>>> print(open('data-v8.pdb').read())   # PDB, C-alpha atoms
MODEL        1
ATOM      1  CA  MET A 415      -9.797   1.616   1.931  1.00  0.00           C
ATOM      2  CA  SER A 416     -10.676   0.742   5.528  1.00  0.00           C
ATOM      3  CA  ARG A 417     -14.366   0.415   4.637  1.00  0.00           C
ATOM      4  CA  ASN A 418     -13.486  -2.062   1.875  1.00  0.00           C
ATOM      5  CA  LEU A 419     -11.270  -3.976   4.274  1.00  0.00           C
ATOM      6  CA  VAL A 420     -14.073  -4.222   6.839  1.00  0.00           C
ATOM      7  CA  LEU A 421     -16.579  -5.289   4.177  1.00  0.00           C
ATOM      8  CA  GLY A 422     -14.132  -7.892   2.883  1.00  0.00           C
ATOM      9  CA  LEU A 423     -13.452  -9.332   6.332  1.00  0.00           C
ATOM     10  CA  LEU A 424     -17.089  -9.296   7.447  1.00  0.00           C
ATOM     11  CA  PRO A 425     -17.976 -12.707   5.906  1.00  0.00           C
ATOM     12  CA  VAL A 426     -14.851 -14.220   7.442  1.00  0.00           C
ATOM     13  CA  LEU A 427     -15.772 -12.862  10.857  1.00  0.00           C
ATOM     14  CA  ILE A 428     -19.327 -14.123  10.518  1.00  0.00           C
ATOM     15  CA  LEU A 429     -18.158 -17.605   9.500  1.00  0.00           C
ATOM     16  CA  THR A 430     -15.628 -17.653  12.326  1.00  0.00           C
ATOM     17  CA  ALA A 431     -18.329 -16.729  14.814  1.00  0.00           C
ATOM     18  CA  CYS A 432     -20.526 -19.553  13.508  1.00  0.00           C
ATOM     19  CA  GLY A 433     -17.999 -22.321  14.250  1.00  0.00           C
ATOM     20  CA  THR A 434     -18.246 -24.522  17.303  1.00  0.00           C
ATOM     21  CA  PRO A 435     -16.155 -23.514  20.327  1.00  0.00           C
ATOM     22  CA  GLN A 436     -13.751 -26.348  19.505  1.00  0.00           C
ATOM     23  CA  GLU A 437     -13.347 -25.149  15.891  1.00  0.00           C
ATOM     24  CA  ARG A 438     -12.781 -21.553  17.030  1.00  0.00           C
ATOM     25  CA  CYS A 439     -10.179 -22.706  19.560  1.00  0.00           C
ATOM     26  CA  ILE A 440      -8.350 -24.818  16.982  1.00  0.00           C
ATOM     27  CA  GLY A 441      -8.461 -22.028  14.408  1.00  0.00           C
ATOM     28  CA  ARG A 442      -7.144 -19.480  16.881  1.00  0.00           C
ATOM     29  CA  ASN A 443      -4.266 -21.671  18.066  1.00  0.00           C
ATOM     30  CA  THR A 444      -3.129 -23.048  14.699  1.00  0.00           C
ATOM     31  CA  SER A 445      -3.206 -19.890  12.560  1.00  0.00           C
ATOM     32  CA  GLU A 446       0.588 -19.564  12.309  1.00  0.00           C
ATOM     33  CA  TYR A 447       0.960 -23.240  11.376  1.00  0.00           C
ATOM     34  CA  ARG A 448      -1.666 -22.841   8.636  1.00  0.00           C
ATOM     35  CA  SER A 449       0.035 -19.671   7.341  1.00  0.00           C
ATOM     36  CA  VAL A 450       3.417 -21.391   7.135  1.00  0.00           C
ATOM     37  CA  SER A 451       1.800 -24.384   5.411  1.00  0.00           C
ATOM     38  CA  ARG A 452       0.129 -22.105   2.862  1.00  0.00           C
ATOM     39  CA  LEU A 453       3.413 -20.263   2.181  1.00  0.00           C
ATOM     40  CA  LEU A 454       5.272 -23.571   1.835  1.00  0.00           C
ATOM     41  CA  ALA A 455       2.738 -24.830  -0.712  1.00  0.00           C
ATOM     42  CA  GLU A 456       3.093 -21.576  -2.688  1.00  0.00           C
ATOM     43  CA  VAL A 457       6.911 -21.808  -2.734  1.00  0.00           C
ATOM     44  CA  GLU A 458       6.799 -25.473  -3.787  1.00  0.00           C
ATOM     45  CA  GLY A 459       4.405 -24.539  -6.595  1.00  0.00           C
ATOM     46  CA  ASN A 460       6.757 -21.759  -7.720  1.00  0.00           C
ATOM     47  CA  LEU A 461       9.659 -24.205  -7.817  1.00  0.00           C
ATOM     48  CA  ALA A 462       7.629 -26.774  -9.757  1.00  0.00           C
ATOM     49  CA  ARG A 463       6.498 -24.167 -12.341  1.00  0.00           C
ATOM     50  CA  GLY A 464       9.755 -22.248 -12.503  1.00  0.00           C
ATOM     51  CA  TYR A 465       8.034 -18.901 -11.971  1.00  0.00           C
ATOM     52  CA  ALA A 466       5.790 -17.145  -9.469  1.00  0.00           C
ATOM     53  CA  TRP A 467       2.432 -15.436  -9.929  1.00  0.00           C
ATOM     54  CA  GLU A 468       1.871 -11.859  -8.854  1.00  0.00           C
ATOM     55  CA  GLU A 469      -1.173  -9.636  -9.116  1.00  0.00           C
ATOM     56  CA  ARG A 470      -1.619  -5.988  -9.959  1.00  0.00           C
ATOM     57  CA  GLN A 471      -4.588  -3.663 -10.208  1.00  0.00           C
ATOM     58  CA  VAL A 472      -5.289  -2.356 -13.707  1.00  0.00           C
ATOM     59  CA  THR A 473      -7.687   0.543 -14.164  1.00  0.00           C
ATOM     60  CA  ARG A 474      -9.387   1.109 -17.483  1.00  0.00           C
ATOM     61  CA  THR A 475     -12.166   3.388 -18.664  1.00  0.00           C
ATOM     62  CA  GLU A 476     -15.292   2.012 -20.285  1.00  0.00           C
ATOM     63  CA  TRP A 477     -18.596   3.350 -21.515  1.00  0.00           C
ATOM     64  CA  ASP A 478     -21.624   2.748 -19.304  1.00  0.00           C
ATOM     65  CA  ASN A 479     -25.206   3.919 -18.869  1.00  0.00           C
ATOM     66  CA  CYS A 480     -25.417   6.400 -16.010  1.00  0.00           C
ATOM     67  CA  PRO A 481     -28.693   7.388 -14.371  1.00  0.00           C
ATOM     68  CA  PHE A 482     -29.754  11.019 -13.964  1.00  0.00           C
ATOM     69  CA  VAL A 483     -32.889  12.627 -12.538  1.00  0.00           C
ATOM     70  CA  VAL A 484     -35.231  14.865 -14.533  1.00  0.00           C
ATOM     71  CA  TYR A 485     -38.034  16.892 -12.948  1.00  0.00           C
ATOM     72  CA  ASP A 486     -41.183  17.544 -14.943  1.00  0.00           C
ATOM     73  CA  ARG A 487     -43.478  20.603 -14.634  1.00  0.00           C
ATOM     74  CA  ASP A 488     -45.385  19.053 -11.741  1.00  0.00           C
ATOM     75  CA  GLY A 489     -42.168  18.406  -9.768  1.00  0.00           C
ATOM     76  CA  ASP A 490     -42.248  14.657 -10.262  1.00  0.00           C
ATOM     77  CA  ARG A 491     -38.906  12.957 -10.603  1.00  0.00           C
ATOM     78  CA  HIS A 492     -38.098  10.698 -13.532  1.00  0.00           C
ATOM     79  CA  VAL A 493     -34.914   8.723 -13.951  1.00  0.00           C
ATOM     80  CA  GLY A 494     -33.210   8.853 -17.317  1.00  0.00           C
ATOM     81  CA  TYR A 495     -30.029   7.267 -18.588  1.00  0.00           C
ATOM     82  CA  ARG A 496     -27.180   8.611 -20.680  1.00  0.00           C
ATOM     83  CA  THR A 497     -23.847   7.214 -21.716  1.00  0.00           C
ATOM     84  CA  CYS A 498     -20.864   8.154 -19.603  1.00  0.00           C
ATOM     85  CA  LEU A 499     -17.306   7.024 -18.925  1.00  0.00           C
ATOM     86  CA  ARG A 500     -16.549   5.028 -15.777  1.00  0.00           C
ATOM     87  CA  ASP A 501     -13.302   3.702 -14.371  1.00  0.00           C
ATOM     88  CA  VAL A 502     -13.231  -0.065 -13.862  1.00  0.00           C
ATOM     89  CA  THR A 503     -10.473  -1.800 -11.893  1.00  0.00           C
ATOM     90  CA  ASP A 504      -9.489  -5.370 -12.708  1.00  0.00           C
ATOM     91  CA  THR A 505      -6.961  -7.656 -11.060  1.00  0.00           C
ATOM     92  CA  GLU A 506      -4.420  -9.022 -13.488  1.00  0.00           C
ATOM     93  CA  ARG A 507      -2.131 -11.993 -12.784  1.00  0.00           C
ATOM     94  CA  TYR A 508       1.270 -12.109 -14.378  1.00  0.00           C
ATOM     95  CA  ARG A 509       4.345 -14.327 -14.236  1.00  0.00           C
ATOM     96  CA  VAL A 510       7.464 -13.285 -12.353  1.00  0.00           C
ATOM     97  CA  ALA A 511      10.858 -14.912 -12.703  1.00  0.00           C
ATOM     98  CA  ILE A 512      12.210 -16.564  -9.550  1.00  0.00           C
ATOM     99  CA  ASP A 513      15.690 -17.337  -8.300  1.00  0.00           C
ATOM    100  CA  PRO A 514      15.602 -21.132  -7.820  1.00  0.00           C
ATOM    101  CA  ALA A 515      18.381 -21.049  -5.217  1.00  0.00           C
ATOM    102  CA  ALA A 516      16.565 -18.438  -3.129  1.00  0.00           C
ATOM    103  CA  GLU A 517      13.247 -20.289  -3.487  1.00  0.00           C
ATOM    104  CA  THR A 518      14.930 -23.530  -2.412  1.00  0.00           C
ATOM    105  CA  ARG A 519      16.355 -21.835   0.694  1.00  0.00           C
ATOM    106  CA  LYS A 520      12.924 -20.352   1.413  1.00  0.00           C
ATOM    107  CA  ARG A 521      11.313 -23.789   1.012  1.00  0.00           C
ATOM    108  CA  ASP A 522      13.848 -25.393   3.352  1.00  0.00           C
ATOM    109  CA  ASN A 523      13.345 -22.685   5.999  1.00  0.00           C
ATOM    110  CA  LEU A 524       9.549 -22.918   5.755  1.00  0.00           C
ATOM    111  CA  ALA A 525       9.672 -26.732   5.993  1.00  0.00           C
ATOM    112  CA  ALA A 526      11.831 -26.475   9.122  1.00  0.00           C
ATOM    113  CA  ARG A 527       9.465 -23.874  10.633  1.00  0.00           C
ATOM    114  CA  LYS A 528       6.460 -26.055   9.814  1.00  0.00           C
ATOM    115  CA  ALA A 529       8.112 -29.024  11.535  1.00  0.00           C
ATOM    116  CA  GLU A 530       8.756 -26.865  14.630  1.00  0.00           C
ATOM    117  CA  LEU A 531       5.171 -25.630  14.690  1.00  0.00           C
ATOM    118  CA  SER A 532       3.593 -29.036  14.092  1.00  0.00           C
ATOM    119  CA  THR A 533       4.232 -30.281  17.635  1.00  0.00           C
ATOM    120  CA  SER A 534       2.808 -27.147  19.256  1.00  0.00           C
ATOM    121  CA  ALA A 535      -0.144 -27.175  16.831  1.00  0.00           C
ATOM    122  CA  LYS A 536      -0.861 -30.823  17.660  1.00  0.00           C
ATOM    123  CA  ARG A 537      -0.722 -30.041  21.387  1.00  0.00           C
ATOM    124  CA  ALA A 538      -3.060 -27.071  20.865  1.00  0.00           C
ATOM    125  CA  VAL A 539      -5.545 -29.210  18.900  1.00  0.00           C
ATOM    126  CA  ASP A 540      -5.492 -31.879  21.612  1.00  0.00           C
ATOM    127  CA  ALA A 541      -5.992 -29.228  24.316  1.00  0.00           C
ATOM    128  CA  CYS A 542      -8.907 -27.693  22.389  1.00  0.00           C
ATOM    129  CA  LYS A 543     -10.508 -31.104  21.925  1.00  0.00           C
ATOM    130  CA  ALA A 544     -10.154 -31.770  25.657  1.00  0.00           C
ATOM    131  CA  ALA A 545     -11.494 -28.345  26.640  1.00  0.00           C
ATOM    132  CA  TYR A 546     -14.390 -28.374  24.164  1.00  0.00           C
ATOM    133  CA  PRO A 547     -15.439 -31.966  23.480  1.00  0.00           C
ATOM    134  CA  GLU A 548     -17.867 -32.466  20.591  1.00  0.00           C
ATOM    135  CA  GLU A 549     -21.363 -33.365  21.576  1.00  0.00           C
ATOM    136  CA  LYS A 550     -22.696 -36.682  20.329  1.00  0.00           C
ATOM    137  CA  GLY A 551     -25.990 -36.023  18.684  1.00  0.00           C
TER     138      GLY A 551
ENDMDL
END
>>> encode(input="data-v8.pdb", output="structure tokens")
Amino acid sequence: MSRNLVLGLLPVLILTACGTPQERCIGRNTSEYRSVSRLLAEVEGNLARGYAWEERQVTRTEWDNCPFVVYDRDGDRHVGYRTCLRDVTDTERYRVAIDPAAETRKRDNLAARKAELSTSAKRAVDACKAAYPEEKG
């Protein structure tokens, strides 16, 4: 699991490292604001639809061609294929009922938190722009 996590985060880390110092500073200092904004958008979408989406992993078995090695009389290796069963995992989205009253309270709390964070995020963006001005090229 940890190997998959590292492999999944590797492109994100590479892209983060490629940003300008100003972009990295802004990204670092506004992460909570962006998380709250993303959660607020999800809750508003749930309220508009009347249900939420969730995901689950579904494992199924399917037939596949599996390689195997055969040695001839001279010791040379040859690859052959035979049918075999393999487990395949898919991600399935499904609808989940929501409690509109609870979602409304969640939306109101997230909107209030976003408003609180917006001033500090704006100050952080201004500070990052002052500390790392963009070069005119």
>>> resolve_selection(input="data-v8.pdb", expression="the PyMOL selection byres ((chain A and resi 466-483) around 9)", output="JSON list (two decimals) with C-alpha atoms, in the coordinates of the input")
[["chain", "number", "residue", "atom", "x", "y", "z"],
["A", 456, "GLU", "CA", 3.09, -21.58, -2.69],
["A", 457, "VAL", "CA", 6.91, -21.81, -2.73],
["A", 459, "GLY", "CA", 4.40, -24.54, -6.60],
["A", 460, "ASN", "CA", 6.76, -21.76, -7.72],
["A", 461, "LEU", "CA", 9.66, -24.20, -7.82],
["A", 463, "ARG", "CA", 6.50, -24.17, -12.34],
["A", 464, "GLY", "CA", 9.76, -22.25, -12.50],
["A", 465, "TYR", "CA", 8.03, -18.90, -11.97],
["A", 484, "VAL", "CA", -35.23, 14.86, -14.53],
["A", 485, "TYR", "CA", -38.03, 16.89, -12.95],
["A", 491, "ARG", "CA", -38.91, 12.96, -10.60],
["A", 492, "HIS", "CA", -38.10, 10.70, -13.53],
["A", 493, "VAL", "CA", -34.91, 8.72, -13.95],
["A", 494, "GLY", "CA", -33.21, 8.85, -17.32],
["A", 495, "TYR", "CA", -30.03, 7.27, -18.59],
["A", 496, "ARG", "CA", -27.18, 8.61, -20.68],
["A", 497, "THR", "CA", -23.85, 7.21, -21.72],
["A", 498, "CYS", "CA", -20.86, 8.15, -19.60],
["A", 499, "LEU", "CA", -17.31, 7.02, -18.92],
["A", 500, "ARG", "CA", -16.55, 5.03, -15.78],
["A", 501, "ASP", "CA", -13.30, 3.70, -14.37],
["A", 502, "VAL", "CA", -13.23, -0.06, -13.86],
["A", 503, "THR", "CA", -10.47, -1.80, -11.89],
["A", 504, "ASP", "CA", -9.49, -5.37, -12.71],
["A", 505, "THR", "CA", -6.96, -7.66, -11.06],
["A", 506, "GLU", "CA", -4.42, -9.02, -13.49],
["A", 507, "ARG", "CA", -2.13, -11.99, -12.78],
["A", 508, "TYR", "CA", 1.27, -12.11, -14.38],
["A", 509, "ARG", "CA", 4.34, -14.33, -14.24],
["A", 510, "VAL", "CA", 7.46, -13.28, -12.35],
["A", 511, "ALA", "CA", 10.86, -14.91, -12.70],
["A", 512, "ILE", "CA", 12.21, -16.56, -9.55]]
>>> resolve_selection(input="data-v8.pdb", expression="the PyMOL selection byres ((chain A and resi 446) around 12)", output="ChimeraX atom specification")
/A:440-445,447-453,524,527-528,530-532,534-535,538
>>> atom_distance(input="data-v8.pdb", atom1="CA of Glu437 (chain A)", atom2="CA of Glu458 (chain A)")
28.2 Å
>>> resolve_selection(input="data-v8.pdb", expression="the PyMOL selection byres ((chain A and resi 546) around 9)", output="JSON, numbers by chain")
{"A": [434, 435, 436, 437, 439, 541, 542, 543, 544, 545, 547, 548, 549]}
>>> atom_distance(input="data-v8.pdb", atom1="CA of Ala462 (chain A)", atom2="CA of Ala525 (chain A)")
15.9 Å
>>> atom_distance(input="data-v8.pdb", atom1="CA of Arg438 (chain A)", atom2="CA of Ala529 (chain A)")
22.9 Å
